[in-house]
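run-v7.json, holding JSON, C-alpha atoms and all ligand atoms:
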[["chain", "number", "residue", "atom", "x", "y", "z"],
["A", 1453, "MET", "CA", 109.03, 56.87, 9.02],
["A", 1454, "MET", "CA", 111.92, 55.14, 10.74],
["A", 1455, "GLU", "CA", 110.92, 56.75, 14.06],
["A", 1456, "GLU", "CA", 107.35, 55.55, 13.53],
["A", 1457, "ASN", "CA", 108.54, 51.97, 13.01],
["A", 1458, "LEU", "CA", 110.75, 52.23, 16.06],
["A", 1459, "TYR", "CA", 107.88, 53.24, 18.31],
["A", 1460, "ARG", "CA", 105.57, 50.64, 16.79],
["A", 1461, "ASP", "CA", 108.15, 47.94, 17.50],
["A", 1462, "ILE", "CA", 108.48, 49.13, 21.10],
["A", 1463, "GLU", "CA", 104.72, 49.06, 21.55],
["A", 1464, "GLU", "CA", 104.60, 45.49, 20.25],
["A", 1465, "ILE", "CA", 107.27, 44.44, 22.75],
["A", 1466, "ILE", "CA", 105.43, 46.12, 25.63],
["A", 1467, "GLU", "CA", 102.18, 44.46, 24.55],
["A", 1468, "LYS", "CA", 103.87, 41.05, 24.52],
["A", 1469, "TYR", "CA", 104.71, 41.29, 28.23],
["A", 1470, "LYS", "CA", 101.32, 42.64, 29.29],
["A", 1471, "GLY", "CA", 99.97, 40.62, 32.20],
["A", 1472, "GLU", "CA", 103.40, 39.80, 33.62],
["A", 1473, "ALA", "CA", 103.94, 40.96, 37.18],
["A", 1474, "THR", "CA", 107.33, 42.62, 36.57],
["A", 1475, "PRO", "CA", 107.80, 43.02, 32.84],
["A", 1476, "LEU", "CA", 110.18, 46.00, 32.74],
["A", 1477, "LEU", "CA", 113.50, 44.12, 32.64],
["A", 1478, "SER", "CA", 112.30, 41.72, 29.93],
["A", 1479, "ILE", "CA", 111.00, 44.63, 27.89],
["A", 1480, "LEU", "CA", 114.27, 46.53, 28.18],
["A", 1481, "GLN", "CA", 116.27, 43.44, 27.21],
["A", 1482, "GLU", "CA", 114.15, 42.81, 24.15],
["A", 1483, "VAL", "CA", 114.16, 46.44, 23.07],
["A", 1484, "GLN", "CA", 117.95, 46.45, 23.43],
["A", 1485, "GLU", "CA", 118.25, 43.27, 21.32],
["A", 1486, "LYS", "CA", 116.39, 45.06, 18.57],
["A", 1487, "PHE", "CA", 118.16, 48.43, 18.73],
["A", 1488, "HIS", "CA", 121.54, 47.43, 20.28],
["A", 1489, "TYR", "CA", 121.21, 50.00, 23.06],
["A", 1490, "LEU", "CA", 118.60, 51.98, 24.99],
["A", 1491, "PRO", "CA", 118.64, 55.66, 24.03],
["A", 1492, "ARG", "CA", 117.05, 58.15, 26.42],
["A", 1493, "ASN", "CA", 114.12, 58.92, 24.13],
["A", 1494, "VAL", "CA", 113.33, 55.19, 23.95],
["A", 1495, "LEU", "CA", 113.45, 54.87, 27.75],
["A", 1496, "GLY", "CA", 111.13, 57.87, 28.01],
["A", 1497, "TYR", "CA", 108.74, 56.33, 25.54],
["A", 1498, "ILE", "CA", 108.69, 53.01, 27.42],
["A", 1499, "ALA", "CA", 107.96, 54.88, 30.67],
["A", 1500, "LYS", "CA", 105.10, 56.79, 29.06],
["A", 1501, "LYS", "CA", 103.57, 53.70, 27.49],
["A", 1502, "MET", "CA", 103.85, 51.69, 30.71],
["A", 1503, "ASP", "CA", 102.66, 54.63, 32.80],
["A", 1504, "ILE", "CA", 105.59, 54.48, 35.19],
["A", 1505, "PRO", "CA", 108.09, 57.23, 36.13],
["A", 1506, "SER", "CA", 110.93, 57.62, 33.63],
["A", 1507, "SER", "CA", 113.33, 57.70, 36.60],
["A", 1508, "THR", "CA", 112.30, 54.10, 37.36],
["A", 1509, "VAL", "CA", 112.93, 52.97, 33.79],
["A", 1510, "TYR", "CA", 116.24, 54.83, 33.64],
["A", 1511, "GLY", "CA", 117.23, 53.41, 37.05],
["A", 1512, "VAL", "CA", 116.72, 49.84, 35.85],
["A", 1513, "ALA", "CA", 118.43, 50.51, 32.51],
["A", 1514, "THR", "CA", 121.55, 51.85, 34.23],
["A", 1515, "PHE", "CA", 121.62, 49.31, 37.09],
["A", 1516, "TYR", "CA", 122.30, 46.19, 35.03],
["A", 1517, "SER", "CA", 125.66, 45.99, 33.28],
["A", 1518, "PHE", "CA", 124.15, 44.05, 30.38],
["A", 1519, "LEU", "CA", 121.86, 46.95, 29.52],
["A", 1520, "GLU", "CA", 123.44, 49.74, 27.48],
["A", 1521, "THR", "CA", 122.30, 53.33, 27.56],
["A", 1522, "ASN", "CA", 125.05, 54.49, 25.22],
["A", 1523, "PRO", "CA", 125.76, 53.37, 21.65],
["A", 1524, "VAL", "CA", 127.87, 50.21, 21.52],
["A", 1525, "GLY", "CA", 129.72, 48.25, 18.87],
["A", 1526, "GLU", "CA", 128.36, 45.35, 16.85],
["A", 1527, "TYR", "CA", 130.06, 43.00, 19.33],
["A", 1528, "VAL", "CA", 130.05, 43.84, 23.03],
["A", 1529, "ILE", "CA", 132.78, 41.98, 24.90],
["A", 1530, "ARG", "CA", 132.16, 41.69, 28.65],
["A", 1531, "VAL", "CA", 135.03, 40.34, 30.73],
["A", 1532, "CYS", "CA", 134.04, 39.01, 34.15],
["A", 1533, "LYS", "CA", 135.96, 40.77, 36.91],
["A", 1534, "SER", "CA", 134.45, 39.00, 39.94],
["A", 1535, "THR", "CA", 136.76, 37.20, 42.35],
["A", 1536, "PRO", "CA", 136.72, 33.60, 40.96],
["A", 1537, "CYS", "CA", 137.58, 34.92, 37.48],
["A", 1538, "HIS", "CA", 140.04, 37.44, 38.89],
["A", 1539, "VAL", "CA", 142.07, 34.76, 40.67],
["A", 1540, "GLN", "CA", 142.07, 32.63, 37.51],
["A", 1541, "GLY", "CA", 143.57, 35.39, 35.36],
["A", 1542, "ALA", "CA", 140.76, 37.73, 34.26],
["A", 1543, "PHE", "CA", 143.15, 40.68, 34.51],
["A", 1544, "ASN", "CA", 145.40, 39.06, 31.93],
["A", 1545, "VAL", "CA", 142.43, 38.32, 29.66],
["A", 1546, "LEU", "CA", 141.47, 41.97, 29.82],
["A", 1547, "GLN", "CA", 145.03, 43.07, 29.03],
["A", 1548, "VAL", "CA", 145.15, 40.81, 25.96],
["A", 1549, "LEU", "CA", 141.82, 42.20, 24.73],
["A", 1550, "LYS", "CA", 142.95, 45.79, 25.34],
["A", 1551, "ARG", "CA", 146.15, 45.18, 23.39],
["A", 1552, "GLU", "CA", 144.49, 43.29, 20.55],
["A", 1553, "LEU", "CA", 141.66, 45.78, 20.12],
["A", 1554, "GLY", "CA", 143.52, 48.97, 21.05],
["A", 1555, "LEU", "CA", 140.68, 49.82, 23.43],
["A", 1556, "LYS", "CA", 140.28, 50.71, 27.08],
["A", 1557, "GLU", "CA", 137.37, 49.57, 29.23],
["A", 1558, "GLY", "CA", 134.16, 51.22, 28.09],
["A", 1559, "GLU", "CA", 135.49, 52.16, 24.66],
["A", 1560, "THR", "CA", 134.17, 51.24, 21.22],
["A", 1561, "SER", "CA", 136.43, 50.71, 18.21],
["A", 1562, "LYS", "CA", 136.35, 53.42, 15.53],
["A", 1563, "ASP", "CA", 134.89, 50.97, 13.00],
["A", 1564, "GLY", "CA", 131.98, 50.33, 15.38],
["A", 1565, "LYS", "CA", 132.75, 46.65, 15.59],
["A", 1566, "PHE", "CA", 133.81, 46.08, 19.21],
["A", 1567, "THR", "CA", 132.98, 47.51, 22.62],
["A", 1568, "LEU", "CA", 135.08, 46.37, 25.57],
["A", 1569, "GLU", "CA", 133.54, 46.23, 29.03],
["A", 1570, "VAL", "CA", 134.03, 44.54, 32.38],
["A", 1571, "THR", "CA", 131.17, 43.00, 34.27],
["A", 1572, "SER", "CA", 130.42, 41.03, 37.40],
["A", 1573, "CYS", "CA", 129.88, 37.26, 37.62],
["A", 1574, "LEU", "CA", 128.48, 35.71, 34.45],
["A", 1575, "GLY", "CA", 127.37, 32.60, 36.31],
["A", 1576, "VAL", "CA", 129.99, 30.29, 34.82],
["A", 1577, "CYS", "CA", 132.63, 30.46, 37.56],
["A", 1578, "GLY", "CA", 133.50, 26.77, 36.98],
["A", 1579, "VAL", "CA", 135.18, 27.75, 33.71],
["A", 1580, "ALA", "CA", 136.83, 30.95, 34.98],
["A", 1581, "PRO", "CA", 138.17, 33.21, 33.63],
["A", 1582, "ALA", "CA", 135.19, 33.96, 31.42],
["A", 1583, "MET", "CA", 133.82, 36.59, 29.06],
["A", 1584, "MET", "CA", 130.78, 37.09, 26.90],
["A", 1585, "ILE", "CA", 130.60, 38.39, 23.36],
["A", 1586, "ASN", "CA", 127.01, 39.49, 22.85],
["A", 1587, "ASP", "CA", 125.02, 36.40, 23.98],
["A", 1588, "VAL", "CA", 127.82, 33.84, 23.73],
["A", 1589, "THR", "CA", 129.83, 32.89, 26.83],
["A", 1590, "TYR", "CA", 133.47, 31.77, 26.62],
["A", 1591, "GLY", "CA", 135.38, 30.19, 29.49],
["A", 1592, "ASN", "CA", 138.79, 28.73, 30.36],
["A", 1593, "LEU", "CA", 140.38, 31.73, 28.69],
["A", 1594, "ASN", "CA", 144.08, 32.25, 28.14],
["A", 1595, "ASP", "CA", 146.03, 34.48, 25.75],
["A", 1596, "GLU", "CA", 145.85, 32.07, 22.86],
["A", 1597, "ARG", "CA", 142.17, 31.28, 23.27],
["A", 1598, "VAL", "CA", 141.26, 34.96, 23.48],
["A", 1599, "ARG", "CA", 143.10, 35.62, 20.21],
["A", 1600, "GLU", "CA", 141.41, 32.64, 18.53],
["A", 1601, "ILE", "CA", 137.98, 33.80, 19.66],
["A", 1602, "LEU", "CA", 138.61, 37.37, 18.53],
["A", 1603, "ALA", "CA", 139.63, 36.08, 15.11],
["A", 1604, "LEU", "CA", 136.14, 34.57, 14.70],
["A", 1605, "TYR", "CA", 134.58, 38.02, 15.10],
["A", 1606, "ARG", "CA", 137.10, 39.91, 13.01],
["A", 1607, "ARG", "CA", 136.18, 38.16, 9.79],
["B", 1, "LIG", "S1", 133.19, 34.97, 38.73],
["B", 1, "LIG", "FE1", 133.43, 35.04, 36.61],
["B", 1, "LIG", "S2", 131.81, 33.84, 35.90],
["B", 1, "LIG", "FE2", 131.50, 33.87, 38.02]]

Using the file provided, produce a representation of the structure as structure tokens.
Ligand code: FES
Amino acid sequence: MMEENLYRDIEEIIEKYKGEATPLLSILQEVQEKFHYLPRNVLGYIAKKMDIPSSTVYGVATFYSFLETNPVGEYVIRVCKSTPCHVQGAFNVLQVLKRELGLKEGETSKDGKFTLEVTSCLGVCGVAPAMMINDVTYGNLNDERVREILALYRR
């Protein structure tokens, strides 16, 4: 039953983007919002329904760092590692997060709450160093601010 609902939801999302010239990325983003990540069987189903090779769908899903093909935590923290953030202290931000969460890059906490990742430019270089937690962007980070932000998600 759950599987049935899952596939029906995917079909609805695909239908919504019908008529768009390049709908695949939007579809993958929306499917991920719903299911938190993009399992292989889901990618295969999308390929079948859109009548495109599954290698194409998988290629897109693994190309973008904001798309997840493995299970992730409730909150995915993405620390920008591109040069403007790097020179403003992104390495330190990452160290604080690693210490606070007891995680390495790419790991998810045992309680399933946090996943820690690094990513390239988030488009907010003016407030470097920056990170995102799910859809929310945080800038001008320092040790104290990182701890304050984490506290909001630990409640
Ligand atoms: S380099 Fe970090 S947001 Fe652009």

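Contact shell of Glu1485 of chain A at 12 Å (all atoms listed in the file; same-chain neighbours under 3 positions omitted): Asp1461, Ile1462, Ile1465, Ser1478, Ile1479, Leu1480, Gln1481, Glu1482, His1488, Tyr1489, Leu1490, Phe1518, Leu1519, Glu1520, Val1524, Glu1526, Tyr1527, Val1528, Asn1586 and Asp1587 of chain A.
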
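The smallest atom-to-atom distance between ligand LIG 1 (chain B) and any of A:Val1539, A:Val1598, A:Val1588, A:Ala1582, using only C-alpha atoms and all ligand atoms, is found for A:Ala1582.
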
Show me a table, sorted first by chain and then by increasing residue number, of the residues of chain A having an atom at most 10 Å from ligand LIG 1 (chain B), each with its shortest atom pair and the distance in Å to one decimal, counting all atoms listed in the file and written as JSON lines.
{"residue": "A:Val1531", "atom": "CA", "partner": "B:LIG1", "partner_atom": "FE1", "distance": 8.1}
{"residue": "A:Cys1532", "atom": "CA", "partner": "B:LIG1", "partner_atom": "FE1", "distance": 4.7}
{"residue": "A:Lys1533", "atom": "CA", "partner": "B:LIG1", "partner_atom": "FE1", "distance": 6.3}
{"residue": "A:Ser1534", "atom": "CA", "partner": "B:LIG1", "partner_atom": "S1", "distance": 4.4}
{"residue": "A:Thr1535", "atom": "CA", "partner": "B:LIG1", "partner_atom": "S1", "distance": 5.6}
{"residue": "A:Pro1536", "atom": "CA", "partner": "B:LIG1", "partner_atom": "S1", "distance": 4.4}
{"residue": "A:Cys1537", "atom": "CA", "partner": "B:LIG1", "partner_atom": "FE1", "distance": 4.2}
{"residue": "A:His1538", "atom": "CA", "partner": "B:LIG1", "partner_atom": "S1", "distance": 7.3}
{"residue": "A:Val1539", "atom": "CA", "partner": "B:LIG1", "partner_atom": "S1", "distance": 9.1}
{"residue": "A:Gln1540", "atom": "CA", "partner": "B:LIG1", "partner_atom": "FE1", "distance": 9.0}
{"residue": "A:Ala1542", "atom": "CA", "partner": "B:LIG1", "partner_atom": "FE1", "distance": 8.2}
{"residue": "A:Thr1571", "atom": "CA", "partner": "B:LIG1", "partner_atom": "FE1", "distance": 8.6}
{"residue": "A:Ser1572", "atom": "CA", "partner": "B:LIG1", "partner_atom": "FE1", "distance": 6.8}
{"residue": "A:Cys1573", "atom": "CA", "partner": "B:LIG1", "partner_atom": "FE2", "distance": 3.8}
{"residue": "A:Leu1574", "atom": "CA", "partner": "B:LIG1", "partner_atom": "S2", "distance": 4.1}
{"residue": "A:Gly1575", "atom": "CA", "partner": "B:LIG1", "partner_atom": "S2", "distance": 4.6}
{"residue": "A:Val1576", "atom": "CA", "partner": "B:LIG1", "partner_atom": "S2", "distance": 4.1}
{"residue": "A:Cys1577", "atom": "CA", "partner": "B:LIG1", "partner_atom": "FE2", "distance": 3.6}
{"residue": "A:Gly1578", "atom": "CA", "partner": "B:LIG1", "partner_atom": "S2", "distance": 7.3}
{"residue": "A:Val1579", "atom": "CA", "partner": "B:LIG1", "partner_atom": "S2", "distance": 7.3}
{"residue": "A:Ala1580", "atom": "CA", "partner": "B:LIG1", "partner_atom": "FE1", "distance": 5.6}
{"residue": "A:Pro1581", "atom": "CA", "partner": "B:LIG1", "partner_atom": "FE1", "distance": 5.9}
{"residue": "A:Ala1582", "atom": "CA", "partner": "B:LIG1", "partner_atom": "FE1", "distance": 5.6}
{"residue": "A:Met1583", "atom": "CA", "partner": "B:LIG1", "partner_atom": "S2", "distance": 7.6}
{"residue": "A:Met1584", "atom": "CA", "partner": "B:LIG1", "partner_atom": "S2", "distance": 9.6}
{"residue": "A:Thr1589", "atom": "CA", "partner": "B:LIG1", "partner_atom": "S2", "distance": 9.3}
{"residue": "A:Tyr1590", "atom": "CA", "partner": "B:LIG1", "partner_atom": "S2", "distance": 9.7}
{"residue": "A:Gly1591", "atom": "CA", "partner": "B:LIG1", "partner_atom": "S2", "distance": 8.2}

Which value, in Å to one decimal, gives the distance between atom CA of Gln1484 of chain A and atom CA of Gly1511 of chain A?
15.3 Å

Find the residues near Ser1506 of chain A: any atom within 12 Å, counting only C-alpha atoms, skip ones fewer than 3 places away on the same chain, and give them as number ranges by chain.
A: 1476, 1492-1503, 1509-1513

For segment 1558-1561 of chain A: contacts at 10 Å, all atoms listed in the file, fewer than 4 positions along chain excluded, given as a ChimeraX atom specification
/A:1523-1530,1550,1553-1554,1565-1570
